[in-house]
Each structure stands twice: as C-alpha cells, then as structure tokens.
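Chemist: So that you have it, the file is protein.txt, and it contains compact mmCIF, C-alpha atoms and all ligand atoms:
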```
# COMPACT_ATOMS: atom_id res chain seq x y z
CA MET I 1 44.48 -19.52 -16.43
CA PHE I 2 42.80 -21.05 -13.40
CA GLU I 3 45.96 -20.74 -11.31
CA HIS I 4 45.08 -17.05 -10.88
CA LEU I 5 41.83 -17.82 -9.13
CA THR I 6 41.53 -17.36 -5.39
CA ASP I 7 39.38 -19.42 -3.04
CA GLN I 8 35.94 -17.97 -2.40
CA PRO I 9 34.27 -17.91 1.00
CA ALA I 10 31.59 -20.59 1.38
CA ASP I 11 27.94 -19.65 1.83
CA LYS I 12 27.58 -20.34 5.58
CA ILE I 13 23.91 -21.28 5.30
CA LEU I 14 24.52 -23.77 2.50
CA ALA I 15 27.61 -25.18 4.27
CA LEU I 16 25.42 -25.87 7.29
CA MET I 17 23.16 -28.04 5.11
CA GLY I 18 26.18 -30.26 4.38
CA ALA I 19 27.16 -30.51 8.04
CA TYR I 20 23.61 -31.48 8.99
CA LYS I 21 23.46 -34.18 6.32
CA ALA I 22 26.76 -35.67 7.50
CA ASP I 23 25.60 -35.89 11.16
CA PRO I 24 24.72 -39.56 11.88
CA ARG I 25 22.42 -38.83 14.88
CA ASP I 26 18.81 -39.68 14.06
CA ASP I 27 17.31 -37.23 16.52
CA LYS I 28 19.09 -34.25 14.89
CA ILE I 29 17.02 -31.14 14.15
CA ASP I 30 17.61 -28.90 11.12
CA LEU I 31 16.81 -25.23 11.75
CA GLY I 32 19.24 -24.01 9.09
CA VAL I 33 18.45 -23.14 5.49
CA GLY I 34 15.28 -21.15 4.82
CA VAL I 35 13.18 -23.82 3.21
CA TYR I 36 9.68 -24.55 4.49
CA LYS I 37 9.17 -28.00 6.00
CA ASP I 38 5.95 -29.59 7.20
CA ALA I 39 5.54 -31.54 10.46
CA GLU I 40 7.08 -34.61 8.79
CA GLY I 41 10.09 -32.61 7.64
CA ARG I 42 9.03 -32.63 3.99
CA THR I 43 9.03 -29.70 1.59
CA PRO I 44 5.90 -30.58 -0.36
CA ILE I 45 4.87 -29.40 -3.83
CA MET I 46 1.78 -27.27 -3.23
CA ARG I 47 -1.50 -28.67 -4.57
CA ALA I 48 -2.15 -25.70 -6.87
CA VAL I 49 1.38 -25.95 -8.26
CA LYS I 50 0.85 -29.63 -9.13
CA ALA I 51 -2.49 -28.80 -10.76
CA ALA I 52 -1.04 -25.87 -12.73
CA GLU I 53 1.86 -28.04 -13.90
CA ALA I 54 -0.53 -30.78 -15.05
CA ARG I 55 -2.52 -28.17 -16.93
CA LEU I 56 0.59 -26.76 -18.58
CA LEU I 57 1.79 -30.23 -19.54
CA GLU I 58 -1.50 -30.84 -21.25
CA ARG I 59 -2.09 -27.46 -22.85
CA GLU I 60 1.29 -25.93 -23.58
CA THR I 61 1.94 -26.03 -27.31
CA THR I 62 5.41 -24.47 -27.52
CA LYS I 63 8.61 -23.96 -25.61
CA SER I 64 9.78 -21.21 -27.90
CA TYR I 65 11.35 -18.08 -26.41
CA THR I 66 9.08 -15.71 -24.50
CA ALA I 67 10.30 -12.09 -24.31
CA LEU I 68 13.36 -10.55 -22.70
CA ALA I 69 11.18 -9.28 -19.87
CA GLY I 70 9.49 -12.67 -19.51
CA ASP I 71 5.81 -13.47 -19.99
CA PRO I 72 3.73 -10.26 -19.56
CA ALA I 73 0.96 -12.31 -17.88
CA PHE I 74 3.43 -13.19 -15.10
CA SER I 75 4.40 -9.56 -14.56
CA ASP I 76 0.76 -8.46 -14.45
CA ALA I 77 -0.21 -11.22 -12.02
CA MET I 78 2.74 -10.52 -9.70
CA ILE I 79 2.23 -6.76 -9.76
CA ASP I 80 -1.35 -7.44 -8.74
CA LEU I 81 -0.27 -9.83 -5.96
CA VAL I 82 2.32 -7.48 -4.49
CA LEU I 83 0.85 -4.05 -5.20
CA ALA I 84 -2.86 -4.73 -5.87
CA ASP I 85 -4.27 -1.45 -7.22
CA THR I 86 -1.81 0.81 -5.41
CA LEU I 87 -0.79 2.67 -8.56
CA PRO I 88 -1.36 2.71 -12.32
CA ARG I 89 0.23 -0.19 -14.20
CA ASP I 90 1.93 2.13 -16.69
CA ARG I 91 4.19 3.58 -13.99
CA ILE I 92 5.63 0.13 -13.30
CA ALA I 93 8.39 -1.52 -15.31
CA ALA I 94 8.96 -5.22 -14.65
CA ILE I 95 11.14 -8.17 -15.65
CA ALA I 96 10.96 -11.81 -14.72
CA THR I 97 14.22 -12.97 -13.13
CA PRO I 98 15.81 -16.23 -11.97
CA GLY I 99 14.43 -16.17 -8.42
CA GLY I 100 14.32 -13.27 -6.01
CA THR I 101 18.12 -13.36 -6.03
CA GLY I 102 18.09 -12.57 -9.76
CA ALA I 103 15.79 -9.61 -9.07
CA VAL I 104 18.09 -8.33 -6.32
CA ARG I 105 21.08 -8.64 -8.62
CA GLN I 106 19.36 -6.84 -11.51
CA ALA I 107 18.19 -4.07 -9.16
CA PHE I 108 21.75 -3.49 -7.93
CA GLU I 109 22.98 -3.45 -11.53
CA LEU I 110 20.31 -0.95 -12.52
CA ILE I 111 21.30 1.31 -9.62
CA GLY I 112 24.94 0.99 -10.67
CA ARG I 113 24.06 2.12 -14.20
CA THR I 114 21.87 5.05 -13.25
CA THR I 115 23.37 6.39 -9.98
CA PRO I 116 26.77 4.76 -9.47
CA GLU I 117 27.60 7.34 -6.79
CA ALA I 118 24.62 6.32 -4.64
CA THR I 119 25.28 4.48 -1.41
CA ILE I 120 23.16 1.39 -0.86
CA TRP I 121 22.09 1.17 2.78
CA VAL I 122 21.41 -2.30 4.15
CA SER I 123 20.07 -3.40 7.52
CA ASP I 124 22.52 -4.77 10.06
CA PRO I 125 22.10 -7.70 9.83
CA THR I 126 20.69 -8.60 6.44
CA TRP I 127 20.51 -11.66 4.18
CA PRO I 128 24.21 -12.51 3.57
CA ASN I 129 23.67 -12.69 -0.20
CA HIS I 130 22.79 -8.98 -0.28
CA LEU I 131 26.25 -8.17 1.03
CA SER I 132 27.94 -10.74 -1.12
CA ILE I 133 26.36 -9.45 -4.36
CA LEU I 134 27.01 -5.81 -3.43
CA LYS I 135 30.65 -6.63 -2.80
CA HIS I 136 30.88 -8.55 -6.06
CA LEU I 137 29.52 -5.50 -7.91
CA ASP I 138 31.83 -3.17 -6.02
CA ALA I 139 28.85 -1.09 -4.92
CA ARG I 140 29.11 1.60 -2.32
CA THR I 141 27.45 0.11 0.76
CA ARG I 142 26.71 1.16 4.31
CA SER I 143 24.65 -0.49 6.99
CA TYR I 144 21.99 0.95 9.26
CA ARG I 145 21.25 -0.36 12.73
CA TYR I 146 18.17 -2.56 12.67
CA PHE I 147 18.09 -5.17 15.44
CA ASP I 148 18.09 -4.40 19.13
CA PRO I 149 19.84 -7.39 20.76
CA ALA I 150 18.23 -6.67 24.13
CA SER I 151 14.57 -6.59 23.08
CA ARG I 152 15.09 -8.62 19.86
CA ALA I 153 12.85 -6.02 18.20
CA VAL I 154 13.65 -3.31 15.63
CA ASP I 155 16.11 -0.69 16.87
CA MET I 156 14.05 2.17 15.52
CA ALA I 157 16.10 4.95 17.09
CA GLY I 158 19.33 3.48 15.74
CA MET I 159 17.84 2.96 12.29
CA MET I 160 16.54 6.52 12.10
CA ALA I 161 19.81 7.98 13.36
CA ASP I 162 21.83 6.06 10.77
CA LEU I 163 19.49 6.86 7.88
CA GLY I 164 19.81 10.48 8.96
CA GLU I 165 23.28 10.32 7.40
CA ALA I 166 22.01 9.12 4.01
CA GLN I 167 22.31 11.54 1.11
CA PRO I 168 19.57 12.37 -1.41
CA GLY I 169 19.51 9.66 -4.08
CA ASP I 170 20.93 6.98 -1.80
CA VAL I 171 19.13 3.63 -1.89
CA VAL I 172 17.71 2.00 1.24
CA LEU I 173 17.25 -1.75 1.05
CA LEU I 174 14.29 -2.83 3.18
CA HIS I 175 12.78 -6.27 3.76
CA GLY I 176 9.10 -5.92 2.86
CA CYS I 177 8.08 -8.41 5.55
CA CYS I 178 9.48 -11.33 7.57
CA HIS I 179 13.00 -9.93 7.99
CA ASN I 180 15.78 -12.40 7.24
CA PRO I 181 17.69 -13.22 9.47
CA THR I 182 16.11 -11.61 12.56
CA GLY I 183 12.32 -12.13 12.28
CA ALA I 184 11.89 -8.62 13.76
CA ASN I 185 9.76 -6.25 11.71
CA PRO I 186 8.69 -2.61 12.01
CA THR I 187 5.18 -1.95 13.35
CA ALA I 188 2.70 -0.04 11.19
CA GLU I 189 3.58 3.18 13.03
CA GLN I 190 7.27 2.53 12.51
CA TRP I 191 6.72 2.00 8.78
CA ASP I 192 5.03 5.42 8.70
CA GLU I 193 8.12 6.89 10.31
CA ILE I 194 10.40 5.09 7.84
CA VAL I 195 8.36 6.43 4.92
CA ALA I 196 8.54 9.97 6.32
CA THR I 197 12.33 9.70 6.55
CA LEU I 198 12.65 8.28 3.02
CA LYS I 199 10.59 11.19 1.72
CA ALA I 200 12.26 13.91 3.77
CA ARG I 201 15.77 12.78 2.83
CA GLN I 202 14.86 11.97 -0.82
CA LEU I 203 16.00 8.37 -0.55
CA VAL I 204 15.10 5.59 -2.97
CA PRO I 205 13.62 2.50 -1.32
CA MET I 206 14.47 -0.92 -2.64
CA ILE I 207 12.21 -3.55 -1.16
CA ASP I 208 13.14 -7.21 -1.05
CA ILE I 209 9.99 -9.23 -0.45
CA ALA I 210 10.70 -12.95 -0.34
CA TYR I 211 8.12 -14.19 2.18
CA GLN I 212 4.77 -12.61 1.28
CA GLY I 213 2.12 -14.78 2.95
CA PHE I 214 4.47 -16.23 5.61
CA GLY I 215 3.93 -13.51 8.22
CA ASP I 216 0.48 -12.05 8.82
CA GLY I 217 -1.17 -12.94 5.49
CA LEU I 218 -0.80 -12.05 1.81
CA ASP I 219 -2.22 -8.52 2.06
CA ALA I 220 -0.86 -7.69 5.51
CA ASP I 221 2.63 -8.75 4.43
CA ALA I 222 2.44 -6.46 1.38
CA ALA I 223 1.07 -3.48 3.34
CA ALA I 224 4.46 -1.82 3.93
CA THR I 225 5.45 -2.32 0.28
CA ARG I 226 2.15 -0.80 -0.87
CA LEU I 227 2.51 2.12 1.52
CA ILE I 228 5.99 2.87 0.23
CA ALA I 229 4.90 2.44 -3.40
CA SER I 230 2.07 4.90 -2.93
CA SER I 231 4.17 7.43 -1.00
CA LEU I 232 7.34 7.74 -3.10
CA ASP I 233 7.98 8.55 -6.75
CA GLU I 234 10.60 5.91 -7.37
CA VAL I 235 10.74 2.45 -5.82
CA LEU I 236 12.45 -0.84 -6.67
CA ILE I 237 10.81 -4.10 -5.61
CA ALA I 238 12.46 -7.53 -5.83
CA ALA I 239 9.91 -10.28 -5.18
CA SER I 240 10.54 -14.01 -4.90
CA CYS I 241 8.06 -16.82 -5.61
CA SER I 242 10.36 -19.47 -4.13
CA LYS I 243 8.78 -19.63 -0.68
CA ASN I 244 5.14 -18.69 -1.06
CA PHE I 245 4.67 -20.99 -4.06
CA GLY I 246 7.23 -23.54 -2.83
CA ILE I 247 8.98 -23.55 -6.24
CA TYR I 248 12.52 -22.91 -5.01
CA ARG I 249 14.37 -24.75 -7.76
CA GLU I 250 12.27 -23.30 -10.59
CA ARG I 251 14.01 -19.95 -10.03
CA THR I 252 11.05 -17.60 -10.20
CA GLY I 253 11.15 -13.95 -9.24
CA ILE I 254 10.41 -10.49 -10.51
CA LEU I 255 11.96 -7.06 -10.37
CA MET I 256 9.55 -4.12 -10.46
CA ALA I 257 10.70 -0.56 -10.97
CA ILE I 258 8.18 2.13 -10.13
CA ALA I 259 8.93 5.34 -12.02
CA ARG I 260 7.67 8.88 -11.41
CA ASP I 261 5.88 9.03 -14.78
CA VAL I 262 5.04 6.94 -17.83
CA PRO I 263 7.97 8.00 -20.08
CA GLN I 264 10.45 7.17 -17.31
CA ALA I 265 8.73 3.83 -16.70
CA ARG I 266 9.21 3.04 -20.41
CA LYS I 267 12.89 3.92 -20.18
CA ALA I 268 13.22 1.75 -17.07
CA GLN I 269 11.47 -1.10 -18.90
CA ASP I 270 13.94 -0.85 -21.80
CA ASN I 271 16.88 -0.88 -19.44
CA LEU I 272 15.57 -3.82 -17.43
CA ALA I 273 15.06 -5.86 -20.61
CA TYR I 274 18.59 -4.82 -21.63
CA LEU I 275 19.97 -6.10 -18.32
CA ASN I 276 18.19 -9.43 -18.78
CA ARG I 277 19.73 -9.70 -22.25
CA GLN I 278 23.24 -9.00 -21.00
CA ASN I 279 23.03 -11.49 -18.16
CA TYR I 280 21.04 -14.44 -19.52
CA SER I 281 18.77 -13.29 -22.37
CA PHE I 282 15.39 -14.78 -21.55
CA PRO I 283 14.49 -15.46 -17.93
CA PRO I 284 13.26 -18.92 -16.89
CA ASP I 285 9.62 -19.42 -17.77
CA HIS I 286 8.24 -22.61 -16.23
CA GLY I 287 7.88 -21.36 -12.65
CA ALA I 288 6.59 -18.00 -13.87
CA ARG I 289 3.92 -19.72 -15.94
CA VAL I 290 2.91 -21.90 -12.99
CA VAL I 291 2.53 -18.75 -10.89
CA SER I 292 0.48 -16.85 -13.47
CA THR I 293 -1.69 -19.93 -14.08
CA ILE I 294 -2.48 -20.11 -10.37
CA LEU I 295 -3.01 -16.40 -9.83
CA THR I 296 -5.37 -15.98 -12.80
CA ASP I 297 -7.53 -19.03 -12.12
CA PRO I 298 -9.99 -18.39 -9.25
CA GLU I 299 -10.12 -22.03 -8.14
CA LEU I 300 -6.37 -22.61 -8.21
CA ARG I 301 -5.77 -19.27 -6.53
CA ALA I 302 -8.22 -20.05 -3.73
CA ASP I 303 -6.61 -23.44 -3.15
CA TRP I 304 -3.12 -21.94 -3.17
CA GLN I 305 -4.15 -19.28 -0.67
CA ALA I 306 -5.76 -21.89 1.59
CA GLU I 307 -2.61 -24.02 1.60
CA LEU I 308 -0.38 -20.98 2.17
CA GLU I 309 -2.59 -19.99 5.09
CA GLU I 310 -2.11 -23.48 6.63
CA VAL I 311 1.65 -23.09 6.27
CA ARG I 312 1.59 -19.64 7.85
CA GLU I 313 -0.65 -20.67 10.74
CA GLY I 314 1.46 -23.76 11.36
CA MET I 315 4.57 -21.62 11.81
CA LEU I 316 2.72 -19.20 14.07
CA LYS I 317 1.56 -22.08 16.28
CA LEU I 318 5.12 -23.36 16.56
CA ARG I 319 6.26 -19.88 17.58
CA GLU I 320 3.62 -19.70 20.28
CA GLN I 321 4.35 -23.19 21.53
CA LEU I 322 8.08 -22.49 21.72
CA ALA I 323 7.57 -19.17 23.52
CA ALA I 324 5.21 -20.88 26.00
CA GLU I 325 7.63 -23.78 26.68
CA LEU I 326 10.46 -21.33 27.27
CA ARG I 327 8.33 -19.13 29.51
CA GLN I 328 7.75 -22.14 31.72
CA LEU I 329 11.31 -23.50 31.65
CA SER I 330 13.01 -20.13 32.16
CA ASN I 331 10.34 -18.88 34.52
CA SER I 332 10.51 -15.57 32.65
CA ASP I 333 9.11 -13.79 29.63
CA ARG I 334 12.49 -13.22 28.01
CA PHE I 335 11.70 -15.50 25.08
CA ASP I 336 8.30 -13.95 24.32
CA PHE I 337 9.85 -12.22 21.29
CA LEU I 338 9.66 -15.57 19.49
CA ALA I 339 5.89 -15.19 19.29
CA GLU I 340 6.21 -11.57 18.16
CA HIS I 341 8.60 -12.28 15.30
CA ARG I 342 7.16 -13.14 11.90
CA GLY I 343 8.17 -15.33 8.98
CA MET I 344 10.39 -18.38 8.92
CA PHE I 345 13.20 -16.97 11.01
CA SER I 346 14.01 -15.74 14.48
CA ARG I 347 17.35 -14.63 15.74
CA LEU I 348 17.59 -16.28 19.11
CA GLY I 349 20.37 -14.01 20.38
CA ALA I 350 22.73 -16.82 21.38
CA SER I 351 26.53 -16.58 21.20
CA PRO I 352 28.48 -18.60 18.61
CA GLU I 353 29.64 -20.86 21.48
CA GLN I 354 26.06 -21.49 22.56
CA VAL I 355 25.06 -22.21 18.93
CA ALA I 356 27.96 -24.71 18.77
CA ARG I 357 26.80 -26.30 22.03
CA LEU I 358 23.30 -26.78 20.61
CA ARG I 359 24.81 -28.51 17.60
CA ASP I 360 27.44 -30.61 19.41
CA ASP I 361 25.46 -31.61 22.51
CA HIS I 362 21.93 -31.72 21.11
CA GLY I 363 22.19 -32.18 17.32
CA ILE I 364 20.32 -28.91 16.77
CA TYR I 365 21.54 -27.01 13.73
CA MET I 366 21.00 -23.27 13.35
CA VAL I 367 23.01 -20.60 11.52
CA GLY I 368 26.04 -19.27 13.46
CA ASP I 369 24.36 -15.92 14.17
CA SER I 370 21.65 -17.95 16.01
CA ARG I 371 19.08 -17.61 13.24
CA MET I 372 16.67 -20.51 13.41
CA ASN I 373 14.17 -21.68 10.83
CA ILE I 374 10.92 -22.12 12.75
CA ALA I 375 9.56 -24.41 10.02
CA GLY I 376 12.26 -26.95 10.90
CA LEU I 377 10.35 -27.68 14.13
CA ASN I 378 7.23 -29.71 14.86
CA ALA I 379 5.05 -30.11 17.96
CA LYS I 380 7.32 -32.90 19.26
CA THR I 381 10.66 -31.17 18.71
CA VAL I 382 9.62 -27.80 20.19
CA PRO I 383 10.02 -29.04 23.81
CA VAL I 384 13.33 -30.69 22.87
CA LEU I 385 14.63 -27.38 21.52
CA ALA I 386 13.31 -25.44 24.52
CA ARG I 387 15.13 -27.76 26.96
CA ALA I 388 18.32 -27.55 24.90
CA ILE I 389 18.18 -23.73 24.86
CA ILE I 390 17.99 -23.65 28.63
CA ALA I 391 20.67 -26.35 29.00
CA ALA I 392 23.00 -24.37 26.72
CA GLY I 393 22.65 -21.40 29.07
CA ILE I 394 20.94 -19.10 26.57
N1 LIG U 1 15.72 -12.21 -0.39
C1 LIG U 1 15.70 -12.76 0.82
C2 LIG U 1 15.68 -11.86 2.01
C3 LIG U 1 15.70 -14.13 0.97
O1 LIG U 1 15.67 -14.66 2.18
C4 LIG U 1 15.73 -14.94 -0.19
C5 LIG U 1 15.86 -16.37 0.01
O2 LIG U 1 15.10 -17.15 -0.13
C6 LIG U 1 15.69 -14.31 -1.44
C7 LIG U 1 15.72 -12.94 -1.50
C8 LIG U 1 15.66 -14.97 -2.77
O3 LIG U 1 15.38 -16.25 -2.89
P1 LIG U 1 15.29 -16.98 -4.30
O4 LIG U 1 16.39 -16.47 -5.16
O5 LIG U 1 15.43 -18.42 -3.98
O6 LIG U 1 13.95 -16.65 -4.88
O1 LIG U 2 18.33 -17.39 3.93
C1 LIG U 2 17.99 -18.50 3.54
O2 LIG U 2 18.20 -19.51 4.20
C2 LIG U 2 17.21 -18.60 2.24
C3 LIG U 2 17.77 -19.62 1.28
O3 LIG U 2 22.78 -18.67 -0.98
C4 LIG U 2 19.09 -19.33 0.70
O4 LIG U 2 17.11 -17.33 1.70
C5 LIG U 2 20.24 -19.41 1.47
C6 LIG U 2 21.48 -19.20 0.90
C7 LIG U 2 21.57 -18.91 -0.44
C8 LIG U 2 20.43 -18.81 -1.21
C9 LIG U 2 19.19 -19.01 -0.64
```
Represent the supplied structure as structure tokens.
Modeler:
Amino acid sequence: MFEHLTDQPADKILALMGAYKADPRDDKIDLGVGVYKDAEGRTPIMRAVKAAEARLLERETTKSYTALAGDPAFSDAMIDLVLADTLPRDRIAAIATPGGTGAVRQAFELIGRTTPEATIWVSDPTWPNHLSILKHLDARTRSYRYFDPASRAVDMAGMMADLGEAQPGDVVLLHGCCHNPTGANPTAEQWDEIVATLKARQLVPMIDIAYQGFGDGLDADAAATRLIASSLDEVLIAASCSKNFGIYRERTGILMAIARDVPQARKAQDNLAYLNRQNYSFPPDHGARVVSTILTDPELRADWQAELEEVREGMLKLREQLAAELRQLSNSDRFDFLAEHRGMFSRLGASPEQVARLRDDHGIYMVGDSRMNIAGLNAKTVPVLARAIIAAGI
C-alpha cells in the first residue's frame, strides 16, 4: 500500500534546525525555530514549572483518564489568563488540545463542520502550519495583505481593502499578539478599526495567541483578544502554553469557542468534546495540570510572571541593542522597526540570496523569508549580526 504515497514537503523551519546542527562552525548563530533561548543559548525549564511538577509528583494519586474536554480546572485557569472577566464563563466552550497547533486544527475542523462554505482568511504571511493544515483539510482559504515590506509595519490599508471582499460568515484568522513571522502588530487604534470591519461585515474572528507575555506583558498582549471577545457574538480562540510556560514538548493548548448565548455554548462544548474524541480521545494532561497548578497558586503564579517578565524584557533589550547597532553602522534609521516589532520574531526584509549569504558567509541561520528569532541572540552576538547584515548588503 505504501507505494501509493507521495513525498511530502518538509517543514522549512524544522529543516533549518537540521542544517544548523550539521554546521561545524563554532561561532554559528541560530535564529531559526521559534524556541526561547537565554543568553547562554539554553531553553530552561521555568522555576514555577519545576515546582509545579515536583508538587504533582508528590501529590498526584492517579493517572486515570480525565474528561474528553480535558481537566475543567485547566480550562477555567486559561480562560481567566486570556480573557480575564471579559464575558460570562457560560458563553465559553473550551477543550484542552495537544499544543496550540491542536487547537488550531480543532478550530478549523469545527468551522468545516458548521460552515463548510465559509472562506478562512489568513494574513499574508502567516505561520506556515496554518496554511499547511488548511490545505490538508481542503478548506476554502484566501489571504489578506498584512505586512508592508517598505515600513515593515502592518499594511492596514491593504488589509482593510482585502477584508472588504469577505462575505458574512467568513472566518478571519488573526494573531492575537506577536505576529509570526513578521513581528509587526496592529496598534490599538488599528485593532479598533479591525473590530469595526469584523462587525460591519459579519465576519467570525479566529484568534491564534501563541505568545501571550512575550510582547508588551500578559494583559497588554491579551488586550486585542479581549476587545474582540467583548465586541463580537462568536469568536474562536486557539491559545498555546508552549512558549509562555516553556513546556513545548508537553503539548499544551486550549481551544475556546465563544458563543452568542448559553444554549449555543453548550452545543459548541458538545461538538468540541466530540472532535477531541474523534481525533485522540483525551487530550494530554501533564502540561495542562502544570499550568493550572501554577495559575491557581498565588506564589507559583507570581514567580512564573516574574520569570516571564525577565524573558520578555531580555528580548526587548536585544531588539533595542540591535536597532541601535544598525542605526550606527548604516548611518540611517531604516532598521528602527526592529525595536517596534514585538515577540520572538522580526522579518528583516532580506532577499533569499541575502539570507543565504548570512548563512554561508557568517554562519547565521534564519528562515528563508528572513524571519529571525530575536531570542537566538545575546549581547555579544548582536554586533556580529549587525555587521553581517550590513556586509550582506541588506
Ligand atoms: N500558532 C503560532 C502562530 C505559533 O507560532 C505556534 C508555534 O509555536 C503555535 C500556534 C503552536 O505551537 P504549539 O503547538 O507548539 O503550542
Ligand atoms: O514558528 C515557529 O518557529 C514555532 C515553532 O512545525 C514551530 O511556531 C515551527 C514549526 C512547526 C511547529 C512549531
């Protein structure tokens, strides 16, 4: 039977990890995959995660099945983290999922079951896995302009013009904060404009929020999501705990479905649990339990927030340092956007040839579209990167 299979395209980001590993140079710099790294290049286990795991090891009395929707304490804690008290809990259906990717996948499947004729609008560019999963599900997809290559900011006029073609009931996939891959995000005023368009054209927002706490802070990063949740009747939210809790391999995420009323929320809840059952029965529990342990314990939560703040501020400092170095070396302000972008990523705006030159001549690895992971830098490598950017003619 396997002779009928065709080769599948590789995940470019993951392929880059392999190429980096195989490079023998010891001064190589990895700005590829979106994993946080500290100044020593390590991806540490956060203190609160270690403490919560120790507590679970000691106190957990069973590994029996949870529920199809996962542990309700996890859903409650995550709804509180993402939405705070934006709307009543009984309008929100939720399932735990294997990572944010699992939540994205379940959201697309839910859309396919309820409004198969809807077009799903995605930003150009977006996280490649969005496109890959949509294609796999044979979903109707269109893209809206998002990134202005000249200013490296959001192309608001282009985005609004393209969404002007969306039909009532279409779904608009938005990154809640820290856009991947560009790093460019709408301002507060622009979010207001986006919300007005969603409302006027009766569109359904689907928010992917994978970096809450990596941009301007936990609440600031959730502000757009909360605004949308309070302004529209129906909203889908896929949230990941991989980055902000540093529990990538535990596969911890959640899909929330905000319904217009309580009966519809119940129906959504049933259908989400159904989708979990069809795909994998019970979602993974360990990471979810670590998260709910941290979020419901004031001491652990405070320590987690403090460590997340250090991570966030560290990345901001690197952004500022890089922008400053490049201002000096280029004798211009054309790289100032690096300090304006938020999250782990910035799209540098280099050509594929220039990206190849950075890799071949300088051992600097970034994704082919010139997305770089800011967390792959440290105070010593920032000037090295800045010089290489200028030498590569960017
Ligand atoms: N959505 C976006 C935009 C991402 O960048 C990621 C990657 O980390 C995810 C979702 C989901 O990540 P995970 O499945 O590891 O939680
Ligand atoms: O964009 C990134 O680098 C992260 C990590 O198939 C990632 O979101 C990359 C590729 C992938 C899954 C996660």
Chemist: With a distance cut-off of 12 Å and only C-alpha atoms, select the neighbouring residues of Asp155 (chain I), excluding the residue or stretch itself and same-chain residues fewer than 2 positions from it, and output the selection as number ranges by chain.
Modeler: I: 123-125, 144-153, 157-162, 182, 184-187, 190
Chemist: When you draw a straight line from CA of Tyr211 (chain I) to CA of Lys243 (chain I), how long is it in Å?
Modeler: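 These atoms are spaced 6.2 Å apart.
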Chemist: From the set I:Val49, I:Glu320, I:Pro205, I:Val33, which residue has the shortest atom-to-atom contact distance to Ile294 (chain I), counting all atoms listed in the file?
Modeler: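 Once distances to Ile294 (chain I) are computed over all atoms listed in the file, the minimum belongs to I:Val49.
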Chemist: Got a sec to check which residues lie within 10 Å of ligand LIG 1 (chain U), using all atoms listed in the file, and send them as number ranges by chain?
Modeler: I: 33-35, 97-105, 126-130, 174-181, 207-211, 238-244, 246-254, 344-345
Chemist: Store the residues picked out above, limited to C-alpha atoms, as a CSV table (one decimal), keeping the file's coordinate frame.
Modeler:
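Output below, filename part18.csv:
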```csv
chain,number,residue,atom,x,y,z
I,33,VAL,CA,18.4,-23.1,5.5
I,34,GLY,CA,15.3,-21.2,4.8
I,35,VAL,CA,13.2,-23.8,3.2
I,97,THR,CA,14.2,-13.0,-13.1
I,98,PRO,CA,15.8,-16.2,-12.0
I,99,GLY,CA,14.4,-16.2,-8.4
I,100,GLY,CA,14.3,-13.3,-6.0
I,101,THR,CA,18.1,-13.4,-6.0
I,102,GLY,CA,18.1,-12.6,-9.8
I,103,ALA,CA,15.8,-9.6,-9.1
I,104,VAL,CA,18.1,-8.3,-6.3
I,105,ARG,CA,21.1,-8.6,-8.6
I,126,THR,CA,20.7,-8.6,6.4
I,127,TRP,CA,20.5,-11.7,4.2
I,128,PRO,CA,24.2,-12.5,3.6
I,129,ASN,CA,23.7,-12.7,-0.2
I,130,HIS,CA,22.8,-9.0,-0.3
I,174,LEU,CA,14.3,-2.8,3.2
I,175,HIS,CA,12.8,-6.3,3.8
I,176,GLY,CA,9.1,-5.9,2.9
I,177,CYS,CA,8.1,-8.4,5.6
I,178,CYS,CA,9.5,-11.3,7.6
I,179,HIS,CA,13.0,-9.9,8.0
I,180,ASN,CA,15.8,-12.4,7.2
I,181,PRO,CA,17.7,-13.2,9.5
I,207,ILE,CA,12.2,-3.6,-1.2
I,208,ASP,CA,13.1,-7.2,-1.0
I,209,ILE,CA,10.0,-9.2,-0.4
I,210,ALA,CA,10.7,-13.0,-0.3
I,211,TYR,CA,8.1,-14.2,2.2
I,238,ALA,CA,12.5,-7.5,-5.8
I,239,ALA,CA,9.9,-10.3,-5.2
I,240,SER,CA,10.5,-14.0,-4.9
I,241,CYS,CA,8.1,-16.8,-5.6
I,242,SER,CA,10.4,-19.5,-4.1
I,243,LYS,CA,8.8,-19.6,-0.7
I,244,ASN,CA,5.1,-18.7,-1.1
I,246,GLY,CA,7.2,-23.5,-2.8
I,247,ILE,CA,9.0,-23.6,-6.2
I,248,TYR,CA,12.5,-22.9,-5.0
I,249,ARG,CA,14.4,-24.8,-7.8
I,250,GLU,CA,12.3,-23.3,-10.6
I,251,ARG,CA,14.0,-20.0,-10.0
I,252,THR,CA,11.0,-17.6,-10.2
I,253,GLY,CA,11.2,-14.0,-9.2
I,254,ILE,CA,10.4,-10.5,-10.5
I,344,MET,CA,10.4,-18.4,8.9
I,345,PHE,CA,13.2,-17.0,11.0
```
Chemist: Determine the nearest neighbour of ligand LIG 2 (chain U) from the options I:Leu57, I:Ala222, I:Leu68, I:Ile13, counting all atoms listed in the file.
Modeler: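 Closest candidate: I:Ile13.
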Chemist: Residues within 9 Å of region 269-279 of chain I, please, as a PyMOL selection string. Count all atoms listed in the file; anything in the same chain fewer than 6 positions from it doesn't count.
Modeler: chain I and resi 67-70+92-97+106-107+109-110+255+257
Chemist: Show me, as JSON, the centre and edge lengths in Å to one decimal of the axis-aligned box that covers every listed atom of ligand LIG 2 (chain U) with 5 Å on each side.
Modeler:
```
{"center_x": 19.9, "center_y": -18.5, "center_z": 1.5, "size_x": 15.7, "size_y": 12.3, "size_z": 15.4}
```
